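Undergrad: This is the content of upload.cif (mmCIF, C-alpha atoms):
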data_input
#
loop_
_atom_site.label_atom_id
_atom_site.label_comp_id
_atom_site.auth_asym_id
_atom_site.auth_seq_id
_atom_site.Cartn_x
_atom_site.Cartn_y
_atom_site.Cartn_z
CA MET A 920 21.26 51.59 54.88
CA SER A 921 23.92 53.91 53.31
CA GLU A 922 23.14 57.42 52.19
CA SER A 923 23.76 56.56 48.53
CA THR A 924 21.12 53.88 48.54
CA PRO A 925 17.82 55.23 47.22
CA ALA A 926 14.93 55.22 49.59
CA PRO A 927 12.68 52.18 49.32
CA LYS A 928 9.57 52.71 47.28
CA PRO A 929 6.47 52.90 49.42
CA HIS A 930 4.46 49.71 49.48
CA PRO A 931 0.96 49.23 50.72
CA VAL A 932 1.00 47.86 54.20
CA PRO A 933 -0.64 44.46 54.27
CA LYS A 934 -3.20 43.56 56.80
CA PRO A 935 -1.75 42.16 60.01
CA ILE A 936 -1.44 38.42 60.00
CA PRO A 937 -2.61 36.88 63.19
CA ARG A 938 -0.02 35.27 65.30
CA PRO A 939 0.15 31.57 64.51
CA ARG A 940 -1.18 29.33 67.16
CA PRO A 941 1.02 26.51 68.35
CA ALA A 942 0.39 23.55 66.08
CA THR A 943 -1.26 20.49 67.49
CA PRO A 944 1.18 17.58 67.37
CA GLN A 945 0.47 15.40 64.32
CA SER A 946 1.75 12.10 63.15
CA SER A 947 4.90 12.09 61.00
CA GLY A 948 4.40 12.73 57.29
CA THR A 949 1.14 14.71 57.50
CA SER A 950 2.86 18.05 56.54
CA THR A 951 5.62 18.85 54.10
CA PRO A 952 8.82 19.50 56.04
CA LEU A 953 10.88 22.52 55.03
CA ASP A 954 14.23 22.13 53.32
CA GLU A 955 16.35 23.60 56.14
CA ALA A 956 19.17 24.69 53.82
CA ALA A 957 16.74 26.36 51.40
CA ALA A 958 14.86 27.93 54.32
CA ALA A 959 18.10 29.28 55.75
CA ARG A 960 19.04 30.84 52.40
CA ALA A 961 15.60 32.43 52.15
CA ALA A 962 15.70 33.71 55.73
CA ALA A 963 18.74 35.80 54.88
CA TRP A 964 16.47 38.04 52.80
CA GLY A 965 14.05 38.95 55.61
CA ARG A 966 13.66 40.13 59.20
CA VAL A 967 11.01 40.76 61.86
CA ASP A 968 11.17 44.05 63.76
CA ASP A 969 10.13 44.69 67.33
CA ASP A 970 6.64 45.70 66.26
CA GLY A 971 6.02 42.32 64.59
CA ASN A 972 6.48 43.65 61.07
CA VAL A 973 8.03 41.27 58.51
CA TRP A 974 10.46 42.89 56.06
CA LEU A 975 11.91 41.68 52.74
CA ARG A 976 15.23 42.88 51.36
CA SER A 977 15.71 43.08 47.55
CA GLY A 978 17.60 45.10 44.95
CA ASP A 979 15.01 47.84 45.30
CA GLY A 980 15.57 48.14 48.99
CA GLU A 981 13.55 46.86 51.90
CA ARG A 982 9.81 46.65 52.06
CA MET A 983 7.34 45.31 54.57
CA VAL A 984 5.53 42.24 53.41
CA GLY A 985 3.32 41.66 56.46
CA GLN A 986 2.76 41.91 60.17
CA TYR A 987 2.77 39.40 62.85
CA ALA A 988 0.51 39.65 65.85
CA ALA A 989 2.16 39.78 69.23
CA GLY A 990 2.56 36.62 71.21
CA GLY A 991 4.57 34.50 68.76
CA SER A 992 8.25 34.19 68.13
CA ALA A 993 10.05 35.99 65.33
CA GLU A 994 11.11 32.64 63.89
CA ASP A 995 7.48 31.53 63.66
CA ALA A 996 6.56 34.76 61.86
CA LEU A 997 9.45 34.49 59.42
CA SER A 998 8.87 30.80 58.62
CA LEU A 999 5.39 31.51 57.24
CA TYR A 1000 6.79 33.92 54.61
CA ILE A 1001 9.74 31.68 53.89
CA ARG A 1002 7.33 28.79 53.17
CA ARG A 1003 5.43 31.03 50.76
CA TYR A 1004 8.70 31.89 48.99
CA LEU A 1005 9.70 28.26 48.76
CA ASP A 1006 6.30 27.47 47.24
CA LEU A 1007 6.92 30.12 44.55
CA GLU A 1008 10.42 28.77 43.98
CA ALA A 1009 9.00 25.26 43.60
CA GLN A 1010 6.57 26.53 40.94
CA VAL A 1011 9.44 28.15 39.02
CA THR A 1012 11.48 24.94 39.26
CA LEU A 1013 8.54 22.85 38.09
CA LEU A 1014 7.95 25.12 35.10
CA THR A 1015 11.68 24.97 34.32
CA THR A 1016 11.52 21.18 34.05
CA ARG A 1017 8.29 21.17 32.01
CA ILE A 1018 9.10 23.75 29.33
CA GLU A 1019 10.40 21.15 26.85
CA HIS A 1020 7.40 18.90 27.40
CA ILE A 1021 4.46 21.28 27.20
CA SER A 1022 3.29 23.72 24.56
CA PRO A 1023 4.64 27.28 24.58
CA GLU A 1024 1.08 28.49 25.14
CA GLU A 1025 0.68 26.39 28.28
CA ALA A 1026 4.14 27.43 29.47
CA SER A 1027 3.32 31.11 28.84
CA ALA A 1028 0.11 30.79 30.85
CA SER A 1029 2.05 29.32 33.78
CA LEU A 1030 4.69 32.01 33.38
CA LYS A 1031 2.02 34.72 33.42
CA ALA A 1032 0.67 33.37 36.70
CA LEU A 1033 4.18 33.44 38.15
CA ASP A 1034 4.66 37.03 36.92
CA GLU A 1035 1.50 38.08 38.69
CA GLN A 1036 2.60 36.39 41.90
CA LEU A 1037 6.03 38.05 41.72
CA VAL A 1038 4.74 41.65 41.39
CA ASN A 1039 4.75 42.33 45.15
CA PRO A 1040 4.91 38.90 46.72
CA ALA A 1041 4.33 38.62 50.47
CA VAL A 1042 7.27 36.25 50.88
CA VAL A 1043 10.75 36.16 52.32
CA GLY A 1044 13.47 34.95 50.01
CA ASP A 1045 15.60 35.92 47.02
CA VAL A 1046 12.75 37.35 44.96
CA ASP A 1047 15.12 39.02 42.48
CA ALA A 1048 16.68 35.63 41.73
CA LEU A 1049 13.20 34.19 41.11
CA ARG A 1050 12.41 37.08 38.79
CA THR A 1051 15.70 36.50 36.94
CA ARG A 1052 14.85 32.82 36.59
CA VAL A 1053 11.38 33.72 35.31
CA THR A 1054 12.94 36.09 32.78
CA SER A 1055 15.24 33.31 31.56
CA LEU A 1056 12.19 31.03 31.35
CA ARG A 1057 10.49 33.63 29.17
CA GLU A 1058 13.47 33.55 26.82
CA ARG A 1059 13.45 29.75 26.78
CA ILE A 1060 9.71 29.73 26.06
CA SER A 1061 10.24 32.21 23.21
CA ALA A 1062 13.08 30.05 21.80
CA ARG A 1063 10.93 26.97 22.24
CA ARG A 1064 8.07 28.71 20.40
CA GLU A 1065 10.38 29.65 17.53
CA GLN A 1066 11.74 26.11 17.40
CA LEU A 1067 8.27 24.61 17.33
CA ASN A 1068 7.14 27.17 14.75
CA ALA A 1069 10.12 26.21 12.57
CA GLN A 1070 9.29 22.54 13.03
CA ARG A 1071 5.65 23.22 12.22
CA GLU A 1072 6.66 25.17 9.10
CA GLU A 1073 8.94 22.35 8.02
CA ALA A 1074 6.19 19.80 8.73
CA ARG A 1075 3.69 21.96 6.81
CA ALA A 1076 6.13 22.21 3.91
CA GLN A 1077 6.58 18.43 3.91
CA ALA A 1078 2.83 17.94 4.19
CA LEU A 1079 2.29 20.33 1.29
CA ALA A 1080 4.91 18.50 -0.78
CA GLU A 1081 3.30 15.13 0.03
CA ARG A 1082 -0.20 16.39 -0.78
CA THR A 1083 1.14 17.87 -4.02
CA ARG A 1084 2.75 14.52 -4.93
CA LEU A 1085 -0.55 12.76 -4.28
CA VAL A 1086 -2.40 15.22 -6.50
CA GLU A 1087 0.18 15.01 -9.27
CA ARG A 1088 0.05 11.19 -9.19
CA ALA A 1089 -3.75 11.31 -9.40
CA GLU A 1090 -3.50 13.69 -12.36
CA THR A 1091 -0.99 11.39 -14.07
CA ILE A 1092 -3.38 8.44 -13.68
CA ALA A 1093 -6.29 10.49 -15.01
CA ALA A 1094 -4.24 11.59 -18.03
CA ALA A 1095 -3.19 8.03 -19.00
CA ASP A 1096 -4.01 6.58 -22.43
CA PRO A 1097 -7.39 4.76 -22.09
CA ASP A 1098 -6.16 2.05 -24.46
CA LYS A 1099 -3.12 1.28 -22.28
CA ILE A 1100 -4.38 1.91 -18.74
CA HIS A 1101 -4.93 -0.97 -16.30
CA TRP A 1102 -8.30 0.10 -14.94
CA ARG A 1103 -8.45 -2.06 -11.81
CA ASN A 1104 -4.91 -1.24 -10.66
CA SER A 1105 -5.38 2.47 -11.39
CA ARG A 1106 -8.72 2.55 -9.58
CA ASP A 1107 -7.16 0.82 -6.55
CA GLU A 1108 -4.23 3.24 -6.58
CA LEU A 1109 -6.59 6.25 -6.67
CA GLY A 1110 -8.43 4.75 -3.71
CA GLN A 1111 -5.17 4.42 -1.80
CA ILE A 1112 -4.25 8.01 -2.66
CA PHE A 1113 -7.63 9.16 -1.33
CA GLU A 1114 -7.09 7.23 1.91
CA ARG A 1115 -3.65 8.79 2.34
CA TRP A 1116 -5.18 12.21 1.71
CA GLN A 1117 -7.81 11.62 4.39
CA ALA A 1118 -5.22 10.34 6.86
CA ALA A 1119 -3.00 13.38 6.23
CA GLN A 1120 -5.97 15.71 6.58
CA LYS A 1121 -7.05 14.07 9.82
CA ALA A 1122 -3.76 13.46 11.61
CA GLY A 1123 -1.07 15.25 9.60
CA PRO A 1124 0.27 18.80 9.87
CA ARG A 1125 -2.19 21.49 8.85
CA ILE A 1126 -1.60 23.48 5.71
CA ASP A 1127 -3.26 26.78 4.96
CA ARG A 1128 -6.87 26.45 3.91
CA PRO A 1129 -6.65 28.15 0.46
CA THR A 1130 -3.73 25.91 -0.55
CA GLU A 1131 -5.49 22.82 0.74
CA GLU A 1132 -8.71 23.70 -1.07
CA ALA A 1133 -6.82 24.34 -4.33
CA LEU A 1134 -5.05 20.97 -4.05
CA TRP A 1135 -8.32 19.23 -3.21
CA LYS A 1136 -9.99 20.75 -6.28
CA ARG A 1137 -7.17 19.40 -8.46
CA PHE A 1138 -7.40 15.97 -6.83
CA SER A 1139 -11.19 15.91 -7.09
CA ARG A 1140 -11.01 16.98 -10.73
CA ALA A 1141 -8.52 14.16 -11.47
CA ARG A 1142 -10.78 11.59 -9.79
CA THR A 1143 -13.79 12.88 -11.70
CA GLN A 1144 -11.89 12.76 -14.99
CA PHE A 1145 -10.71 9.19 -14.29
CA ASP A 1146 -14.22 8.04 -13.33
CA ARG A 1147 -15.73 9.63 -16.45
CA MET A 1148 -13.04 8.11 -18.67
CA ARG A 1149 -13.52 4.72 -16.99
CA ARG A 1150 -17.30 4.85 -17.48
CA GLN A 1151 -16.86 5.80 -21.12
CA HIS A 1152 -14.34 2.99 -21.64
CA PHE A 1153 -16.54 0.32 -20.13
CA ALA A 1154 -19.62 1.67 -21.91
CA ALA A 1155 -17.75 1.39 -25.22
CA LEU A 1156 -16.47 -2.01 -24.18
CA GLU A 1157 -19.99 -3.13 -23.35
CA THR A 1158 -21.20 -1.92 -26.74
CA GLN A 1159 -18.35 -3.72 -28.44
CA ARG A 1160 -19.08 -6.90 -26.48
CA SER A 1161 -22.75 -6.68 -27.43
CA GLU A 1162 -21.78 -6.42 -31.09
CA VAL A 1163 -19.40 -9.37 -30.74
CA THR A 1164 -22.13 -11.40 -29.04
CA ALA A 1165 -24.57 -10.56 -31.84
CA ARG A 1166 -22.04 -11.59 -34.51
CA LYS A 1167 -21.25 -14.84 -32.77
CA ASN A 1168 -24.93 -15.66 -32.20
CA ALA A 1169 -25.46 -15.22 -35.95
CA LEU A 1170 -22.55 -17.59 -36.63
CA ILE A 1171 -24.00 -20.08 -34.16
CA GLU A 1172 -27.36 -20.00 -35.94
CA ARG A 1173 -25.64 -20.68 -39.26
CA ALA A 1174 -23.62 -23.49 -37.71
CA GLU A 1175 -26.72 -25.07 -36.16
CA ALA A 1176 -28.51 -24.89 -39.52
CA LEU A 1177 -25.59 -26.74 -41.16
CA SER A 1178 -25.09 -29.32 -38.42
CA ALA A 1179 -27.54 -31.84 -39.97
CA SER A 1180 -26.27 -31.46 -43.55
CA THR A 1181 -25.07 -34.55 -45.43
CA ASN A 1182 -23.45 -32.56 -48.20
CA TRP A 1183 -20.15 -33.46 -46.64
CA ASN A 1184 -17.55 -31.65 -48.75
CA ALA A 1185 -19.45 -28.41 -49.34
CA THR A 1186 -20.62 -28.18 -45.71
CA ALA A 1187 -17.13 -28.87 -44.38
CA ALA A 1188 -15.89 -25.94 -46.48
CA GLU A 1189 -18.69 -23.74 -45.08
CA PHE A 1190 -17.71 -24.69 -41.53
CA ARG A 1191 -14.11 -23.72 -42.26
CA GLN A 1192 -15.39 -20.34 -43.45
CA LEU A 1193 -17.50 -19.99 -40.28
CA MET A 1194 -14.44 -20.74 -38.18
CA ASP A 1195 -12.48 -17.99 -39.93
CA GLU A 1196 -15.33 -15.54 -39.28
CA TRP A 1197 -15.49 -16.65 -35.63
CA ARG A 1198 -11.79 -15.85 -35.13
CA GLN A 1199 -12.33 -12.40 -36.63
CA ALA A 1200 -15.52 -11.67 -34.66
CA GLY A 1201 -13.67 -10.43 -31.54
CA ARG A 1202 -14.07 -11.35 -27.89
CA THR A 1203 -16.51 -10.60 -25.11
CA THR A 1204 -16.11 -11.56 -21.44
CA ARG A 1205 -14.42 -14.90 -20.84
CA LYS A 1206 -17.53 -16.38 -19.24
CA ASP A 1207 -19.84 -15.31 -22.09
CA ASP A 1208 -17.28 -16.20 -24.74
CA ASP A 1209 -16.94 -19.71 -23.31
CA LYS A 1210 -20.72 -20.20 -23.43
CA LEU A 1211 -20.93 -18.95 -27.02
CA TRP A 1212 -18.03 -21.15 -28.09
CA GLU A 1213 -19.63 -24.16 -26.45
CA ARG A 1214 -22.79 -23.68 -28.56
CA PHE A 1215 -20.84 -23.07 -31.77
CA HIS A 1216 -18.53 -26.01 -31.17
CA ARG A 1217 -21.46 -28.28 -30.34
CA ALA A 1218 -23.13 -27.54 -33.71
CA GLN A 1219 -19.81 -27.89 -35.53
CA GLN A 1220 -18.97 -31.13 -33.78
CA ALA A 1221 -22.38 -32.63 -34.56
CA PHE A 1222 -21.71 -32.24 -38.29
CA PHE A 1223 -18.14 -33.53 -38.20
CA ASP A 1224 -19.08 -36.47 -35.98
CA ALA A 1225 -21.82 -37.43 -38.46
CA ARG A 1226 -19.40 -36.95 -41.36
CA SER A 1227 -16.77 -39.07 -39.66
CA ALA A 1228 -19.33 -41.78 -38.93
CA HIS A 1229 -20.51 -41.69 -42.54
CA PHE A 1230 -17.05 -42.07 -44.01
CA SER A 1231 -16.09 -44.66 -41.42
CA ALA A 1232 -19.11 -46.74 -42.45
CA ARG A 1233 -18.33 -46.16 -46.12
CA ASP A 1234 -14.69 -47.12 -45.62
CA GLU A 1235 -15.78 -50.25 -43.83
CA GLU A 1236 -18.10 -51.13 -46.72
CA LEU A 1237 -15.40 -50.39 -49.31
CA ASN A 1238 -12.91 -52.52 -47.40
CA GLU A 1239 -15.43 -55.36 -47.34
CA ASN A 1240 -15.93 -54.90 -51.11
CA LEU A 1241 -12.17 -54.93 -51.58
CA ALA A 1242 -11.82 -58.19 -49.74
CA ALA A 1243 -14.61 -59.75 -51.81
CA LYS A 1244 -13.13 -58.54 -55.12
CA LEU A 1245 -9.65 -59.65 -54.20
CA ALA A 1246 -11.12 -63.09 -53.54
CA LEU A 1247 -12.72 -63.03 -57.01
CA VAL A 1248 -9.42 -61.91 -58.54
CA ALA A 1249 -7.70 -64.86 -56.88
CA GLU A 1250 -10.43 -67.13 -58.21
CA ALA A 1251 -10.10 -65.66 -61.72
CA GLU A 1252 -6.32 -66.06 -61.72
CA LYS A 1253 -6.82 -69.82 -61.51
CA ILE A 1254 -8.08 -69.65 -65.13
CA LEU A 1255 -4.55 -68.79 -66.27
CA PRO A 1256 -2.95 -70.07 -68.29
CA VAL A 1257 -5.99 -70.59 -70.50
CA HIS A 1258 -6.16 -74.08 -71.97
CA ASP A 1259 -9.88 -74.22 -72.70
CA PRO A 1260 -11.12 -70.81 -73.86
CA GLU A 1261 -14.80 -71.78 -73.67
CA ALA A 1262 -14.56 -73.09 -70.11
CA ALA A 1263 -12.44 -70.09 -69.12
CA ARG A 1264 -15.01 -67.72 -70.63
CA ALA A 1265 -17.84 -69.40 -68.73
CA THR A 1266 -15.93 -69.24 -65.45
CA LEU A 1267 -14.97 -65.62 -66.04
CA ARG A 1268 -18.57 -64.68 -66.89
CA ASP A 1269 -19.77 -66.11 -63.57
CA ILE A 1270 -17.02 -64.20 -61.75
CA GLU A 1271 -17.95 -60.96 -63.53
CA ASP A 1272 -21.60 -61.32 -62.56
CA ARG A 1273 -20.66 -61.65 -58.92
CA TRP A 1274 -18.15 -58.82 -59.35
CA ASP A 1275 -20.82 -56.37 -60.49
CA GLU A 1276 -22.96 -57.15 -57.44
CA ILE A 1277 -20.19 -56.24 -54.98
CA GLY A 1278 -19.83 -52.52 -55.64
CA MET A 1279 -17.00 -50.00 -55.28
CA VAL A 1280 -13.61 -50.45 -53.60
CA PRO A 1281 -11.25 -47.77 -52.15
CA ARG A 1282 -9.83 -45.49 -54.83
CA GLY A 1283 -6.26 -46.56 -54.18
CA ASP A 1284 -7.12 -50.23 -54.72
CA ILE A 1285 -8.87 -49.92 -58.10
CA ASN A 1286 -5.83 -50.88 -60.15
CA ARG A 1287 -5.10 -54.06 -58.27
CA THR A 1288 -8.72 -55.19 -58.55
CA GLU A 1289 -10.34 -53.73 -61.68
CA GLY A 1290 -7.04 -53.61 -63.56
CA ARG A 1291 -6.11 -57.17 -62.69
CA LEU A 1292 -9.50 -58.50 -63.72
CA ARG A 1293 -9.18 -56.70 -67.06
CA GLU A 1294 -5.84 -58.39 -67.58
CA ILE A 1295 -7.43 -61.79 -66.99
CA GLU A 1296 -10.26 -60.84 -69.34
CA ASP A 1297 -7.65 -59.88 -71.92
CA ALA A 1298 -5.90 -63.22 -71.48
CA VAL A 1299 -9.16 -65.14 -71.98
CA ARG A 1300 -9.97 -62.99 -74.99
CA ALA A 1301 -6.52 -63.59 -76.38
CA ALA A 1302 -6.94 -67.34 -75.93
CA GLU A 1303 -10.27 -67.19 -77.68
CA ASN A 1304 -8.74 -65.24 -80.53
CA GLU A 1305 -5.89 -67.66 -80.75
CA ARG A 1306 -8.27 -70.60 -80.98
CA TRP A 1307 -10.26 -68.75 -83.59
CA ARG A 1308 -7.11 -67.98 -85.50
CA ARG A 1309 -6.19 -71.59 -85.59
CA THR A 1310 -9.59 -72.73 -86.77
CA ASP A 1311 -10.62 -69.85 -88.97
CA PRO A 1312 -9.72 -70.12 -92.64
CA GLU A 1313 -9.23 -66.40 -92.57
CA LYS A 1314 -6.66 -66.78 -89.84
CA GLN A 1315 -4.28 -64.32 -91.37
CA GLN A 1316 -6.89 -61.62 -91.41
CA ARG A 1317 -7.93 -62.28 -87.85
CA SER A 1318 -4.33 -62.40 -86.66
CA ASP A 1319 -3.72 -59.10 -88.30
CA GLY A 1320 -6.79 -57.72 -86.49
CA MET A 1321 -5.57 -59.05 -83.12
CA ALA A 1322 -2.13 -57.56 -83.69
CA ALA A 1323 -3.67 -54.22 -84.54
CA GLN A 1324 -5.80 -54.30 -81.39
CA LEU A 1325 -2.83 -55.14 -79.23
CA GLN A 1326 -0.77 -52.43 -80.83
CA LYS A 1327 -3.60 -49.99 -80.21
CA LEU A 1328 -3.76 -51.13 -76.57
CA ILE A 1329 -0.01 -50.75 -76.20
CA ALA A 1330 -0.15 -47.23 -77.69
CA ASP A 1331 -2.93 -46.29 -75.26
CA LEU A 1332 -0.86 -47.65 -72.39
CA ASP A 1333 2.10 -45.55 -73.50
CA GLU A 1334 -0.08 -42.46 -73.27
CA GLU A 1335 -1.31 -43.47 -69.81
CA ILE A 1336 2.25 -44.15 -68.68
CA ALA A 1337 3.35 -40.69 -69.88
CA ALA A 1338 0.44 -39.05 -68.03
CA ALA A 1339 1.21 -40.97 -64.82
CA GLN A 1340 4.87 -40.02 -65.05
CA ALA A 1341 3.93 -36.37 -65.50
CA ALA A 1342 1.71 -36.62 -62.40
CA GLY A 1343 4.51 -38.26 -60.44
CA ASP A 1344 2.37 -41.33 -59.65
CA THR A 1345 5.10 -43.98 -59.51
CA LYS A 1346 2.70 -46.65 -58.34
CA GLN A 1347 0.43 -46.07 -61.35
CA VAL A 1348 3.43 -46.07 -63.68
CA ALA A 1349 4.59 -49.44 -62.35
CA GLN A 1350 1.12 -50.93 -62.77
CA LEU A 1351 0.79 -49.62 -66.33
CA GLU A 1352 4.24 -50.91 -67.23
CA GLU A 1353 3.17 -54.35 -66.08
CA ASN A 1354 0.01 -54.12 -68.23
CA LYS A 1355 2.07 -53.02 -71.24
CA LYS A 1356 4.52 -55.88 -70.72
CA ALA A 1357 1.66 -58.39 -70.74
CA ARG A 1358 0.16 -56.94 -73.91
CA GLN A 1359 3.54 -56.82 -75.60
CA ALA A 1360 3.99 -60.49 -74.81
CA TRP A 1361 0.61 -61.26 -76.41
CA LEU A 1362 1.53 -59.14 -79.44
CA ASP A 1363 4.81 -60.99 -79.79
CA GLN A 1364 2.94 -64.27 -79.64
CA VAL A 1365 0.40 -63.16 -82.28
CA THR A 1366 3.03 -61.87 -84.68
CA LYS A 1367 5.06 -65.03 -84.13
CA ASP A 1368 2.24 -67.20 -85.36
CA LEU A 1369 1.60 -65.10 -88.47
#
Take the structure in the file and give it back as structure tokens.
TA:
Amino acid sequence: MSESTPAPKPHPVPKPIPRPRPATPQSSGTSTPLDEAAAARAAAWGRVDDDGNVWLRSGDGERMVGQYAAGGSAEDALSLYIRRYLDLEAQVTLLTTRIEHISPEEASASLKALDEQLVNPAVVGDVDALRTRVTSLRERISARREQLNAQREEARAQALAERTRLVERAETIAAADPDKIHWRNSRDELGQIFERWQAAQKAGPRIDRPTEEALWKRFSRARTQFDRMRRQHFAALETQRSEVTARKNALIERAEALSASTNWNATAAEFRQLMDEWRQAGRTTRKDDDKLWERFHRAQQAFFDARSAHFSARDEELNENLAAKLALVAEAEKILPVHDPEAARATLRDIEDRWDEIGMVPRGDINRTEGRLREIEDAVRAAENERWRRTDPEKQQRSDGMAAQLQKLIADLDEEIAAAQAAGDTKQVAQLEENKKARQAWLDQVTKDL
């Protein structure tokens, strides 16, 4: 040792280590063999003196790390301390490989154990190099801690932003217009938001408790507001539906009271009014509304079915009457032209008796039945008048009377024709024109004989 080198610091002398006994031969693989190259490098940092003391050289000088009892070789004594060094080196290497895979806290705990072992280790090897490696590990652990802290802060910031978005969405739903909100979809979405909140709280990055509690209060308040608004909406809806049900039940009662009426026209008008009120009564649930409509429609249909049956039967009767009267008209037309007024009058009287017993015909067929029979009656009457004119000494007077009657009839027909034309009834006009033509012909005949 040179004079400029400071004297080694005194170290406590360890207890003598007994001389190792020769090992009993064992099967291969039962002990860990030393790495000869690593052992040789470690051996360069130690020596065994003649007294069996084992020394370690380092940057601080040389210090004794142990003693070796007499009787063994120096190599045997040195190998024990080398093995201890290699064990420490293996721990440092293991920690070096694990730093990126374990938490900084766990790495710091391992590093602390290594620090304690490296204070005054009873080993032979490059202890300063191990200490340098441990120092670099401390720096790596510190950098790793900062990296993880930054990642945690970023994750917490993202978690806070996500929680804030969830709360803001819940508040938006709770602030929606009750008249426009889709309650089922909004309720489901709030449920999904709650599940995401729970999942983030359970497995996501932690955020500071005051911030989390403040966000939870906002979220809880939004859920409470939505639930209260939803309850109020459905309570109002239930009240409204009850009122609608009451109105429709009242309409059903009125419809059922009218269902047996035979006042066909007036009752049909009342049912049309009931139908208008039904449309304005509002709606309840589809199921209840369908049941109410079924009752209302059943009462309504009972009346209209009876009305339809009534008019069908009446139409059938009128059609039968029409057929019978048309047959009588055909029979009466055989009288024309009138050759024997007395016989024609007798035949016509019999036809008229049977005619009166038949009854009404459809409104649209009155002219071709009643009107035609009147024409035949007029022809018979004209024939009778003609015969009377020929046999009556006061023929001139009677002829004048017949002419006046025909003229009066023609004037009346002109008025009827004008009325029909004003009403746009072309069929009626044609029929009246035919009647006028017949009467004009009779008038011409009467005036011709005067």
Undergrad: May I have the protein, DNA and RNA residues with any atom at most 9 Å from the point (12.8, 35.1, 46.3), counting all atoms listed in the file, written as number ranges by chain?
TA: A: 961, 964, 977, 1001, 1004-1005, 1007-1008, 1037, 1040, 1042-1050
Undergrad: Find the residues around stretch 1153-1157 of chain A up to 10 Å (only C-alpha atoms counted), leave out those fewer than 4 positions away in its own chain, and share them as a PyMOL selection string.
TA: chain A and resi 1102+1148-1149+1161-1163+1203-1204
Undergrad: If you apply the PyMOL selection byres ((chain A and resi 1208) around 12) to this file, what residues do you get, as a list in words?
TA: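 That selection, the PyMOL selection byres ((chain A and resi 1208) around 12), comes back as Arg1160, Ser1161, Val1163, Thr1164, Ala1165, Arg1166, Lys1167, Asn1168, Trp1197, Arg1198, Ala1200, Gly1201, Arg1202, Thr1203, Thr1204, Arg1205, Lys1206, Asp1207, Asp1209, Lys1210, Leu1211, Trp1212, Glu1213, Arg1214, Phe1215 and His1216 of chain A.
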Undergrad: With C-alpha atoms kept, could you save the residues just selected as a short mmCIF file (atom, residue, chain, number, x, y, z; two decimals), keeping the file's coordinate frame?
TA:
data_model
loop_
_atom_site.label_atom_id
_atom_site.label_comp_id
_atom_site.auth_asym_id
_atom_site.auth_seq_id
_atom_site.Cartn_x
_atom_site.Cartn_y
_atom_site.Cartn_z
CA ARG A 1160 -19.08 -6.90 -26.48
CA SER A 1161 -22.75 -6.68 -27.43
CA VAL A 1163 -19.40 -9.37 -30.74
CA THR A 1164 -22.13 -11.40 -29.04
CA ALA A 1165 -24.57 -10.56 -31.84
CA ARG A 1166 -22.04 -11.59 -34.51
CA LYS A 1167 -21.25 -14.84 -32.77
CA ASN A 1168 -24.93 -15.66 -32.20
CA TRP A 1197 -15.49 -16.65 -35.63
CA ARG A 1198 -11.79 -15.85 -35.13
CA ALA A 1200 -15.52 -11.67 -34.66
CA GLY A 1201 -13.67 -10.43 -31.54
CA ARG A 1202 -14.07 -11.35 -27.89
CA THR A 1203 -16.51 -10.60 -25.11
CA THR A 1204 -16.11 -11.56 -21.44
CA ARG A 1205 -14.42 -14.90 -20.84
CA LYS A 1206 -17.53 -16.38 -19.24
CA ASP A 1207 -19.84 -15.31 -22.09
CA ASP A 1209 -16.94 -19.71 -23.31
CA LYS A 1210 -20.72 -20.20 -23.43
CA LEU A 1211 -20.93 -18.95 -27.02
CA TRP A 1212 -18.03 -21.15 -28.09
CA GLU A 1213 -19.63 -24.16 -26.45
CA ARG A 1214 -22.79 -23.68 -28.56
CA PHE A 1215 -20.84 -23.07 -31.77
CA HIS A 1216 -18.53 -26.01 -31.17
#
Undergrad: Is there a way to get, as a list of chain:residue names, all residues within 10 Å of the point (10.0, 24.6, 32.2) in file coordinates, counting all atoms listed in the file?
TA: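 Counting all atoms listed in the file, I find these residues within 10 Å of (10.0, 24.6, 32.2): A:Gln1010, A:Val1011, A:Thr1012, A:Leu1013, A:Leu1014, A:Thr1015, A:Thr1016, A:Arg1017, A:Ile1018, A:Glu1019, A:His1020, A:Ile1021, A:Pro1023, A:Ala1026, A:Ser1027, A:Ser1029, A:Leu1030, A:Val1053, A:Leu1056, A:Arg1057, A:Arg1059, A:Ile1060.
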Undergrad: Restricting the calculation to only C-alpha atoms, which member of A:Asp1096, A:Asp1275, A:Asn1238, A:Val1299 is positioned closest to A:Ile1254?
TA: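 When distances to A:Ile1254 are compared using only C-alpha atoms, the smallest one comes from A:Val1299.
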Undergrad: Which residues, named as in the file, does the PyMOL selection byres ((chain A and resi 1255) around 12) pick out? Answer as a PyMOL selection string.
TA: chain A and resi 1248-1254+1256-1260+1262-1264+1266-1267+1292+1294-1302
Undergrad: Grab the atom CA of A:Ala1357 to atom CA of A:Asp1331 distance for me, in Å with one decimal place.
TA: 13.7 Å
Undergrad: One number please: atom CA of A:His1229 to atom CA of A:Trp1183, in Å, one decimal.
TA: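 Value for the atom CA of A:His1229-atom CA of A:Trp1183 distance: 9.2 Å.
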Undergrad: May I have the residues within 9 Å of stretch 1075-1087 of chain A as a PyMOL selection string, using all atoms listed in the file and disregarding those fewer than 5 positions away in the same chain?
TA: chain A and resi 1070+1092+1112-1113+1115-1116+1119+1123-1127+1130-1131+1134-1135+1137-1139+1141
Undergrad: Have a look at atom CA of A:Lys1244 and atom CA of A:Ile1277 and let me know their distance in Å, one decimal.
TA: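 Here the two named atoms are 7.4 Å from each other.
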Undergrad: Env of stretch 1345-1352 of chain A: 8 Å cut, atoms = only C-alpha atoms, seq-sep filter 4 positions within chain, self excluded. Answer as a list of chain:residue names.
TA: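 Listing them by chain and then by number gives A:Asn1286, A:Leu1332, A:Glu1335, A:Ile1336, A:Ala1339, A:Gln1340, A:Lys1356.
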